[in-house]
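Enquirer: Following this message is one structure expressed as C-alpha cells.
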Amino acid sequence: MKNNKLTPGEWFERIVLALLFIVAGGAVIIILKPWGPLFFVTRFGDQLGRTIDYLSRAGAGILFLLLAFLLKRSKRLERYWQLAYAMFILVVALTLSLLSGRYLLVTLQLKDTVPSGWAIPKAVETILIVLAVVLFTRVSGGSLGSIYIQKGKWKLGLIIGITTFLLAAAGSIPMANLLFNGKDLSVARVVPWIPWILITVLANGTLEEVLFRGLFLRKLQPFFGSFLSNFLIGFVFTILHQGSSYTSDQYFFLAVTFPLALAWGYIMQKTDSVWASILFHAGMDIPIFLGIFSNL
C-alpha cells in the first residue's frame, strides 16, 4: 500500500477484494467440504447429488485456474492472479480430502467408531493436501517460504509451539467436558488414546494451518497489510466453524475460535514459519478429539 494513504478508488478496490475473498472462500469450503453431509447430496439425493458435487468441483477448479491464467496475462490485474490460483489449490485440496476419506474407509475397512478410524484417514488426508499445496505452489513458481513452510525464527517458534501445546494438553480434559461433550473422561481412559490423539491433532493442525493461513496469508498482505490479512482469514476460518456438531456451546466456541485464529496468524507472521502455529493449533484441538473419542 502506498504510505498507508489510499485513494477512494483504492479503498473501494480493497473492500470489493475483501468481500470476494470472504464469499468465494466461504462458498468453496461450505459447498465442497469433504466432512459431513455433502451439500448437493442433502438436496438432490445420493446419486444425483454426488454427480453434481463432482461436476461442481471440476467446474470450480477449472474456473479458478482459468481466472488465474487470465489475470496473470493482464497488466492491470496481474497482481490478483495468485489469489485466484490459491482458490484453485483450495478446490483441489478439498477434493483430495473427500476422495482419500472415501477410499480409506472402504479399502482399509476403517470404522469411525474407534480412534484409529479417525487418526489414519486424517494423517493420509493431511499428507495428500500438504503435498498438493506444495506441488502446485512450486509449479506456479512460488517458494515454500511463500506458504510459510520454512525454518523462519525456529527457536522462537519451538518455544511458543511447545509451550502452548503443553498448556492446552494440561487443560484438555476439563475443556473437553465443558465444551465438547466429554463423556466419562479420565486420565486412565485417555492414556490408551494418546498415540491416536497425537496423530489426529498434529495432522489436523498441519492441514488447517497450511490450507488457510499458509496458503493465503502472504497473498493477501500486499493488499491489506499484516493485520487485516490475518483478520480476514481469521474471520472466514471462524465462520466456517459455525454449526460444528462436536461442541455443546456454539457461541462460546466461536467466540474462542476467532481470537485463536488471530493468534495463529500473528505467530506465523512473527516467526515467519508455520511450525509454531501448527503446534499451538494441535494443542487446542486435543479437547475436541477427546470429546469425540469419548462418545465413540
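Residue names in the C-alpha cells use chain letters A, B, ... in the order shown, residue numbers from 1 in each chain, and ligand numbers from 1 in the order shown.
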Got a sec: who's within 9 Å of A:Asp184, counting only C-alpha atoms, leaving out chain neighbours fewer than 5 positions off, as an NGL selection string?
Expert: :A and (177 or 189 or 294-295)
Enquirer: List every residue of stretch 111-175 of chain A that has an atom at most 12 Å from any atom of stretch 75-82 of chain A, and for each one report the closest atom pair and its distance in Å to one decimal, counting only C-alpha atoms, with rows sorted by chain and then by increasing residue number, as a Markdown table.
Expert:
```
| residue | atom | partner | partner_atom | distance |
| --- | --- | --- | --- | --- |
| A:Phe136 | CA | A:Gln82 | CA | 11.3 |
| A:Thr137 | CA | A:Gln82 | CA | 9.6 |
| A:Ser140 | CA | A:Gln82 | CA | 8.8 |
| A:Gly141 | CA | A:Gln82 | CA | 10.5 |
| A:Gly142 | CA | A:Gln82 | CA | 9.5 |
| A:Ser146 | CA | A:Gln82 | CA | 10.9 |
| A:Ile147 | CA | A:Gln82 | CA | 11.9 |
```
Enquirer: Output the selection as a PDB file, in the first residue's frame - C-alpha atoms for each residue.
Expert:
```
ATOM      1  CA  PHE A 136       1.007 -26.509  -7.118  1.00  0.00           C
ATOM      2  CA  THR A 137       2.841 -23.685  -5.346  1.00  0.00           C
ATOM      3  CA  SER A 140       3.443 -21.733 -10.254  1.00  0.00           C
ATOM      4  CA  GLY A 141       6.940 -20.506  -9.412  1.00  0.00           C
ATOM      5  CA  GLY A 142       6.265 -19.867  -5.737  1.00  0.00           C
ATOM      6  CA  SER A 146       5.554 -18.133   0.264  1.00  0.00           C
ATOM      7  CA  ILE A 147       3.378 -20.620   2.187  1.00  0.00           C
TER       8      ILE A 147
END
```
Enquirer: Between A:Gly9, A:Gly157, A:Pro115, A:Gly291, which one has atoms that come closest to A:Leu185, using only C-alpha atoms?
Expert: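 Smallest separation from A:Leu185 among the options: A:Gly291.
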Enquirer: For each of A:Leu178, A:Val16, A:Leu290, A:Leu240, take the minimum atom-to-atom distance to A:Ile31, counting only C-alpha atoms, then give the residue where this is smallest.
Expert: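 Once distances to A:Ile31 are computed over only C-alpha atoms, the minimum belongs to A:Leu240.
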Enquirer: Compare A:Ala60, A:Ile288, A:Val274, A:Leu104 by their minimum atom-to-atom distance to A:Asn181, counting only C-alpha atoms, and give me the closest one.
Expert: A:Ile288
Enquirer: Write out as number ranges by chain each polymer residue whose atoms come within 12 Å of A:Val133, counting only C-alpha atoms; drop sequence neighbours fewer than 5 positions from it.
Expert: A: 85-94, 96, 126-128, 138-140, 142-144, 146-149, 206-212, 214-216
Enquirer: Can you spit out the residues from that selection as a compact mmCIF listing (two decimals), in the first residue's frame, using C-alpha atoms?
Expert:
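Once written, result26.txt looks like this:
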```txt
# COMPACT_ATOMS: atom_id res chain seq x y z
CA TYR A 85 -4.67 -19.65 -8.12
CA ALA A 86 -4.79 -20.22 -4.36
CA MET A 87 -8.55 -20.76 -4.66
CA PHE A 88 -7.83 -23.38 -7.34
CA ILE A 89 -5.44 -25.13 -4.94
CA LEU A 90 -8.11 -24.99 -2.23
CA VAL A 91 -10.62 -26.75 -4.50
CA VAL A 92 -8.07 -29.44 -5.37
CA ALA A 93 -7.18 -29.93 -1.70
CA LEU A 94 -10.80 -30.30 -0.58
CA LEU A 96 -8.41 -34.85 -2.44
CA THR A 126 -3.08 -34.18 5.56
CA ILE A 127 -0.18 -35.70 3.63
CA LEU A 128 -2.11 -35.52 0.35
CA ARG A 138 6.15 -24.81 -6.83
CA VAL A 139 4.61 -25.34 -10.29
CA SER A 140 3.44 -21.73 -10.25
CA GLY A 142 6.27 -19.87 -5.74
CA SER A 143 8.70 -20.81 -2.99
CA LEU A 144 7.98 -22.86 0.11
CA SER A 146 5.55 -18.13 0.26
CA ILE A 147 3.38 -20.62 2.19
CA TYR A 148 5.45 -20.34 5.40
CA ILE A 149 6.95 -23.83 5.10
CA THR A 206 -0.91 -29.04 9.93
CA LEU A 207 -3.73 -29.37 7.42
CA GLU A 208 -5.66 -26.30 8.58
CA GLU A 209 -2.66 -24.03 9.12
CA VAL A 210 -1.18 -24.81 5.70
CA LEU A 211 -4.54 -24.72 3.92
CA PHE A 212 -5.83 -21.49 5.49
CA GLY A 214 -0.12 -20.76 4.87
CA LEU A 215 -1.86 -20.67 1.51
CA PHE A 216 -3.46 -17.22 1.75
```
